[in-house]
file my_file.pdb (PDB, C-alpha atoms and all ligand atoms)
ATOM      1  CA  MET A1227       0.000   0.000   0.000
ATOM      2  CA  ARG A1228       1.043   3.569  -0.533
ATOM      3  CA  LEU A1229       0.520   6.675   1.462
ATOM      4  CA  VAL A1230       1.493  10.277   1.491
ATOM      5  CA  VAL A1231       1.483  12.864   4.234
ATOM      6  CA  ASP A1232       0.607  16.413   3.298
ATOM      7  CA  LEU A1233       3.467  18.075   5.095
ATOM      8  CA  ASN A1234       1.915  21.484   4.550
ATOM      9  CA  ARG A1235      -0.945  20.326   6.769
ATOM     10  CA  CYS A1236       1.024  18.226   9.235
ATOM     11  CA  GLN A1237       1.468  20.032  12.522
ATOM     12  CA  GLY A1238       3.741  17.448  14.123
ATOM     13  CA  TYR A1239       1.171  16.241  16.648
ATOM     14  CA  ALA A1240       2.768  12.773  16.489
ATOM     15  CA  GLN A1241      -0.507  10.859  16.805
ATOM     16  CA  CYS A1242       0.559   8.837  13.785
ATOM     17  CA  ALA A1243       3.896   7.963  15.351
ATOM     18  CA  PHE A1244       2.121   6.600  18.446
ATOM     19  CA  LEU A1245      -0.378   4.554  16.447
ATOM     20  CA  GLY A1246       1.876   3.472  13.587
ATOM     21  CA  PRO A1247       5.408   3.310  14.935
ATOM     22  CA  ASP A1248       6.528   0.942  12.176
ATOM     23  CA  VAL A1249       5.592   3.508   9.551
ATOM     24  CA  PHE A1250       5.765   6.973  11.118
ATOM     25  CA  ARG A1251       8.406   8.418  13.378
ATOM     26  CA  MET A1252       9.243  11.836  14.638
ATOM     27  CA  HIS A1253      12.621  13.364  13.973
ATOM     28  CA  GLY A1254      13.169  15.997  16.571
ATOM     29  CA  GLU A1255      10.250  17.992  17.925
ATOM     30  CA  GLU A1256       8.168  18.493  14.794
ATOM     31  CA  ALA A1257       9.669  16.778  11.739
ATOM     32  CA  LEU A1258       7.842  13.674  10.586
ATOM     33  CA  LEU A1259       9.524  10.800   8.772
ATOM     34  CA  TYR A1260       7.439   8.112   7.138
ATOM     35  CA  ASP A1261       7.599   5.254   4.682
ATOM     36  CA  PRO A1262       5.541   6.025   1.565
ATOM     37  CA  VAL A1263       5.348   2.360   0.557
ATOM     38  CA  VAL A1264       4.184   0.054   3.318
ATOM     39  CA  PRO A1265       3.570  -3.718   3.446
ATOM     40  CA  GLU A1266      -0.117  -4.662   3.418
ATOM     41  CA  ASP A1267       0.093  -6.082   6.919
ATOM     42  CA  ARG A1268       0.742  -2.566   8.212
ATOM     43  CA  ARG A1269      -2.574  -1.302   6.835
ATOM     44  CA  PRO A1270      -4.359  -1.346  10.218
ATOM     45  CA  GLN A1271      -1.622   0.847  11.706
ATOM     46  CA  VAL A1272      -1.759   3.246   8.801
ATOM     47  CA  LEU A1273      -5.551   3.503   8.855
ATOM     48  CA  ALA A1274      -5.556   4.077  12.609
ATOM     49  CA  ALA A1275      -2.939   6.781  12.213
ATOM     50  CA  ALA A1276      -4.835   8.427   9.370
ATOM     51  CA  ALA A1277      -8.053   8.423  11.406
ATOM     52  CA  ALA A1278      -6.294   9.916  14.415
ATOM     53  CA  CYS A1279      -4.452  12.685  12.591
ATOM     54  CA  PRO A1280      -6.058  15.915  13.833
ATOM     55  CA  VAL A1281      -5.536  17.668  10.499
ATOM     56  CA  GLN A1282      -6.276  14.750   8.135
ATOM     57  CA  ALA A1283      -2.813  15.007   6.636
ATOM     58  CA  ILE A1284      -2.397  11.284   5.899
ATOM     59  CA  LEU A1285      -3.705  10.131   2.536
ATOM     60  CA  VAL A1286      -3.926   6.381   1.922
ATOM     61  CA  ASP A1287      -4.055   4.800  -1.525
ATOM     62  CA  ALA A1288      -4.967   8.121  -3.091
ATOM     63  CA  PRO A1289      -5.046   8.169  -6.899
ATOM     64  CA  GLY A1290      -1.770   9.208  -8.404
ATOM     65  CA  LEU A1291       0.395   8.157  -5.496
ATOM     66  CA  ARG A1292       3.672   6.811  -6.715
ATOM     67  CA  GLU A1293       6.807   5.472  -5.157
ATOM     68  CA  VAL A1294       8.937   8.235  -3.739
ATOM     69  CA  ASP A1295      11.799   8.414  -1.327
ATOM     70  CA  PRO A1296      11.053   8.808   2.382
ATOM     71  CA  VAL A1297      10.174  12.385   3.159
ATOM     72  CA  VAL A1298      11.321  14.649   5.936
ATOM     73  CA  GLY A1299       8.861  17.354   6.917
TER      74      GLY A1299
HETATM   75  S1  LIG B1301      -0.749  12.869  13.283
HETATM   76 FE1  LIG B1301      -0.986  14.169  11.465
HETATM   77  S2  LIG B1301      -0.310  16.178  12.117
HETATM   78 FE2  LIG B1301       0.456  14.708  13.591
HETATM   79  S3  LIG B1301       2.523  14.185  12.906
HETATM   80 FE3  LIG B1301       1.118  12.680  12.073
HETATM   81  S4  LIG B1301       0.563  13.470  10.047
HETATM   82 FE4  LIG B1301       1.421  15.153  11.209
END
call {"tool": "encode", "arguments": {"input": "my_file.pdb", "output": "structure tokens"}}
result
Amino acid sequence: MRLVVDLNRCQGYAQCAFLGPDVFRMHGEEALLYDPVVPEDRRPQVLAAAAACPVQAILVDAPGLREVDPVVG
């Protein structure tokens, strides 16, 4: 599965890092690192993180998502 985080929206609340630690991690106080391509068995973590994000910054399987390098925000 693929995901993308809208880093213009992300406010570094870290809810995703708590709920999906295999996929999302904080780098410092506010910067978010994440894996844009995730094994299917991580889907529950990703969906929980997306649901918990206060600013709906996590997009899952959105049309047009493509493989990209991990992103630092
Ligand atoms: S929960 Fe949302 S706002 Fe918070 S770090 Fe994750 S993507 Fe950013």
call {"tool": "atom_distance", "arguments": {"input": "my_file.pdb", "atom1": "CA of Leu1258 in chain A", "atom2": "CA of Asp1232 in chain A"}}
result
10.6 Å
call {"tool": "residues_around", "arguments": {"input": "my_file.pdb", "residues": "Ile1284 in chain A", "least_positions_apart": "5", "cutoff": "7 Å", "atoms": "all atoms listed in the file", "output": "VMD selection string"}}
result
chain A and resid 1230 to 1232 1276
call {"tool": "closest_residue", "arguments": {"input": "my_file.pdb", "among": "A:Asp1261, A:Asp1267, A:Glu1256, A:Asp1248", "to": "ligand LIG 1301 (chain B)", "atoms": "all atoms listed in the file"}}
result
A:Glu1256
call {"tool": "resolve_selection", "arguments": {"input": "my_file.pdb", "expression": "the PyMOL selection byres (((chain A and resi 1238) around 7) and not hetatm)", "output": "PyMOL selection string"}}
result
chain A and resi 1236-1237+1239-1240+1256-1258
call {"tool": "residues_near_ligand", "arguments": {"input": "my_file.pdb", "ligand": "ligand LIG 1301 (chain B)", "cutoff": "12 Å", "atoms": "all atoms listed in the file", "output": "PyMOL selection string"}}
result
chain A and resi 1229-1247+1249-1260+1272-1286+1297-1299
call {"tool": "axis_aligned_box", "arguments": {"input": "my_file.pdb", "around": "range 1266-1276 of chain A", "padding_each_side": "4 Å", "output": "AutoDock Vina command-line options"}}
result
--center_x -2.4 --center_y 1.2 --center_z 8.0 --size_x 14.3 --size_y 22.5 --size_z 17.2
call {"tool": "decode", "arguments": {"input": "my_file.pdb", "residues": "range 1253-1285 of chain A", "atoms": "N, CA, C and O atoms", "output": "tab-separated table (two decimals), in the first residue's frame"}}
result
chain	number	residue	atom	x	y	z
A	1253	HIS	N	11.19	13.03	14.00
A	1253	HIS	CA	12.62	13.36	13.97
A	1253	HIS	C	12.73	14.74	14.61
A	1253	HIS	O	12.35	15.73	14.01
A	1254	GLY	N	13.17	14.74	15.85
A	1254	GLY	CA	13.17	16.00	16.57
A	1254	GLY	C	11.78	16.33	17.06
A	1254	GLY	O	10.92	15.45	17.19
A	1255	GLU	N	11.52	17.57	17.32
A	1255	GLU	CA	10.25	17.99	17.93
A	1255	GLU	C	9.08	17.95	16.95
A	1255	GLU	O	7.97	17.58	17.32
A	1256	GLU	N	9.29	18.31	15.70
A	1256	GLU	CA	8.17	18.49	14.79
A	1256	GLU	C	8.29	17.78	13.46
A	1256	GLU	O	7.30	17.63	12.76
A	1257	ALA	N	9.50	17.36	13.07
A	1257	ALA	CA	9.67	16.78	11.74
A	1257	ALA	C	9.17	15.34	11.73
A	1257	ALA	O	9.50	14.54	12.61
A	1258	LEU	N	8.40	15.01	10.73
A	1258	LEU	CA	7.84	13.67	10.59
A	1258	LEU	C	8.58	12.93	9.48
A	1258	LEU	O	8.75	13.45	8.38
A	1259	LEU	N	8.99	11.71	9.78
A	1259	LEU	CA	9.52	10.80	8.77
A	1259	LEU	C	8.51	9.68	8.59
A	1259	LEU	O	7.90	9.23	9.56
A	1260	TYR	N	8.35	9.23	7.34
A	1260	TYR	CA	7.44	8.11	7.14
A	1260	TYR	C	7.84	7.33	5.90
A	1260	TYR	O	8.59	7.83	5.05
A	1261	ASP	N	7.35	6.10	5.83
A	1261	ASP	CA	7.60	5.25	4.68
A	1261	ASP	C	6.43	5.39	3.72
A	1261	ASP	O	5.30	5.06	4.09
A	1262	PRO	N	6.65	5.84	2.50
A	1262	PRO	CA	5.54	6.03	1.57
A	1262	PRO	C	5.01	4.72	0.98
A	1262	PRO	O	3.88	4.68	0.49
A	1263	VAL	N	5.81	3.67	1.03
A	1263	VAL	CA	5.35	2.36	0.56
A	1263	VAL	C	5.44	1.40	1.73
A	1263	VAL	O	6.50	1.24	2.33
A	1264	VAL	N	4.29	0.81	2.07
A	1264	VAL	CA	4.18	0.05	3.32
A	1264	VAL	C	3.61	-1.33	3.02
A	1264	VAL	O	2.67	-1.46	2.22
A	1265	PRO	N	4.15	-2.38	3.64
A	1265	PRO	CA	3.57	-3.72	3.45
A	1265	PRO	C	2.10	-3.75	3.86
A	1265	PRO	O	1.68	-3.05	4.78
A	1266	GLU	N	1.34	-4.59	3.17
A	1266	GLU	CA	-0.12	-4.66	3.42
A	1266	GLU	C	-0.43	-4.97	4.88
A	1266	GLU	O	-1.44	-4.51	5.39
A	1267	ASP	N	0.42	-5.73	5.54
A	1267	ASP	CA	0.09	-6.08	6.92
A	1267	ASP	C	0.20	-4.89	7.88
A	1267	ASP	O	-0.18	-5.00	9.04
A	1268	ARG	N	0.69	-3.79	7.39
A	1268	ARG	CA	0.74	-2.57	8.21
A	1268	ARG	C	-0.50	-1.69	7.99
A	1268	ARG	O	-0.62	-0.63	8.59
A	1269	ARG	N	-1.40	-2.12	7.16
A	1269	ARG	CA	-2.57	-1.30	6.84
A	1269	ARG	C	-3.36	-0.87	8.07
A	1269	ARG	O	-3.75	0.29	8.18
A	1270	PRO	N	-3.61	-1.79	9.03
A	1270	PRO	CA	-4.36	-1.35	10.22
A	1270	PRO	C	-3.68	-0.19	10.95
A	1270	PRO	O	-4.34	0.74	11.41
A	1271	GLN	N	-2.37	-0.25	11.06
A	1271	GLN	CA	-1.62	0.85	11.71
A	1271	GLN	C	-1.80	2.15	10.94
A	1271	GLN	O	-2.02	3.21	11.52
A	1272	VAL	N	-1.68	2.03	9.63
A	1272	VAL	CA	-1.76	3.25	8.80
A	1272	VAL	C	-3.17	3.84	8.87
A	1272	VAL	O	-3.33	5.06	9.00
A	1273	LEU	N	-4.18	2.99	8.81
A	1273	LEU	CA	-5.55	3.50	8.86
A	1273	LEU	C	-5.86	4.12	10.22
A	1273	LEU	O	-6.55	5.14	10.31
A	1274	ALA	N	-5.35	3.51	11.27
A	1274	ALA	CA	-5.56	4.08	12.61
A	1274	ALA	C	-4.87	5.43	12.72
A	1274	ALA	O	-5.42	6.39	13.27
A	1275	ALA	N	-3.67	5.52	12.18
A	1275	ALA	CA	-2.94	6.78	12.21
A	1275	ALA	C	-3.66	7.85	11.40
A	1275	ALA	O	-3.79	9.00	11.83
A	1276	ALA	N	-4.14	7.46	10.22
A	1276	ALA	CA	-4.83	8.43	9.37
A	1276	ALA	C	-6.10	8.93	10.05
A	1276	ALA	O	-6.43	10.13	10.00
A	1277	ALA	N	-6.82	8.03	10.73
A	1277	ALA	CA	-8.05	8.42	11.41
A	1277	ALA	C	-7.77	9.34	12.59
A	1277	ALA	O	-8.59	10.20	12.92
A	1278	ALA	N	-6.62	9.15	13.20
A	1278	ALA	CA	-6.29	9.92	14.42
A	1278	ALA	C	-5.65	11.25	14.11
A	1278	ALA	O	-5.59	12.12	14.99
A	1279	CYS	N	-5.15	11.43	12.91
A	1279	CYS	CA	-4.45	12.69	12.59
A	1279	CYS	C	-5.42	13.86	12.73
A	1279	CYS	O	-6.45	13.90	12.05
A	1280	PRO	N	-5.12	14.81	13.58
A	1280	PRO	CA	-6.06	15.92	13.83
A	1280	PRO	C	-6.30	16.81	12.62
A	1280	PRO	O	-7.29	17.53	12.59
A	1281	VAL	N	-5.39	16.78	11.66
A	1281	VAL	CA	-5.54	17.67	10.50
A	1281	VAL	C	-5.73	16.90	9.19
A	1281	VAL	O	-5.62	17.45	8.10
A	1282	GLN	N	-6.04	15.61	9.31
A	1282	GLN	CA	-6.28	14.75	8.14
A	1282	GLN	C	-5.17	14.90	7.09
A	1282	GLN	O	-5.44	15.06	5.89
A	1283	ALA	N	-3.95	14.81	7.55
A	1283	ALA	CA	-2.81	15.01	6.64
A	1283	ALA	C	-2.36	13.71	5.95
A	1283	ALA	O	-1.58	13.77	5.02
A	1284	ILE	N	-2.87	12.57	6.44
A	1284	ILE	CA	-2.40	11.28	5.90
A	1284	ILE	C	-3.37	10.78	4.85
A	1284	ILE	O	-4.55	10.56	5.14
A	1285	LEU	N	-2.89	10.62	3.64
A	1285	LEU	CA	-3.70	10.13	2.54
A	1285	LEU	C	-3.27	8.71	2.20
A	1285	LEU	O	-2.08	8.46	1.99
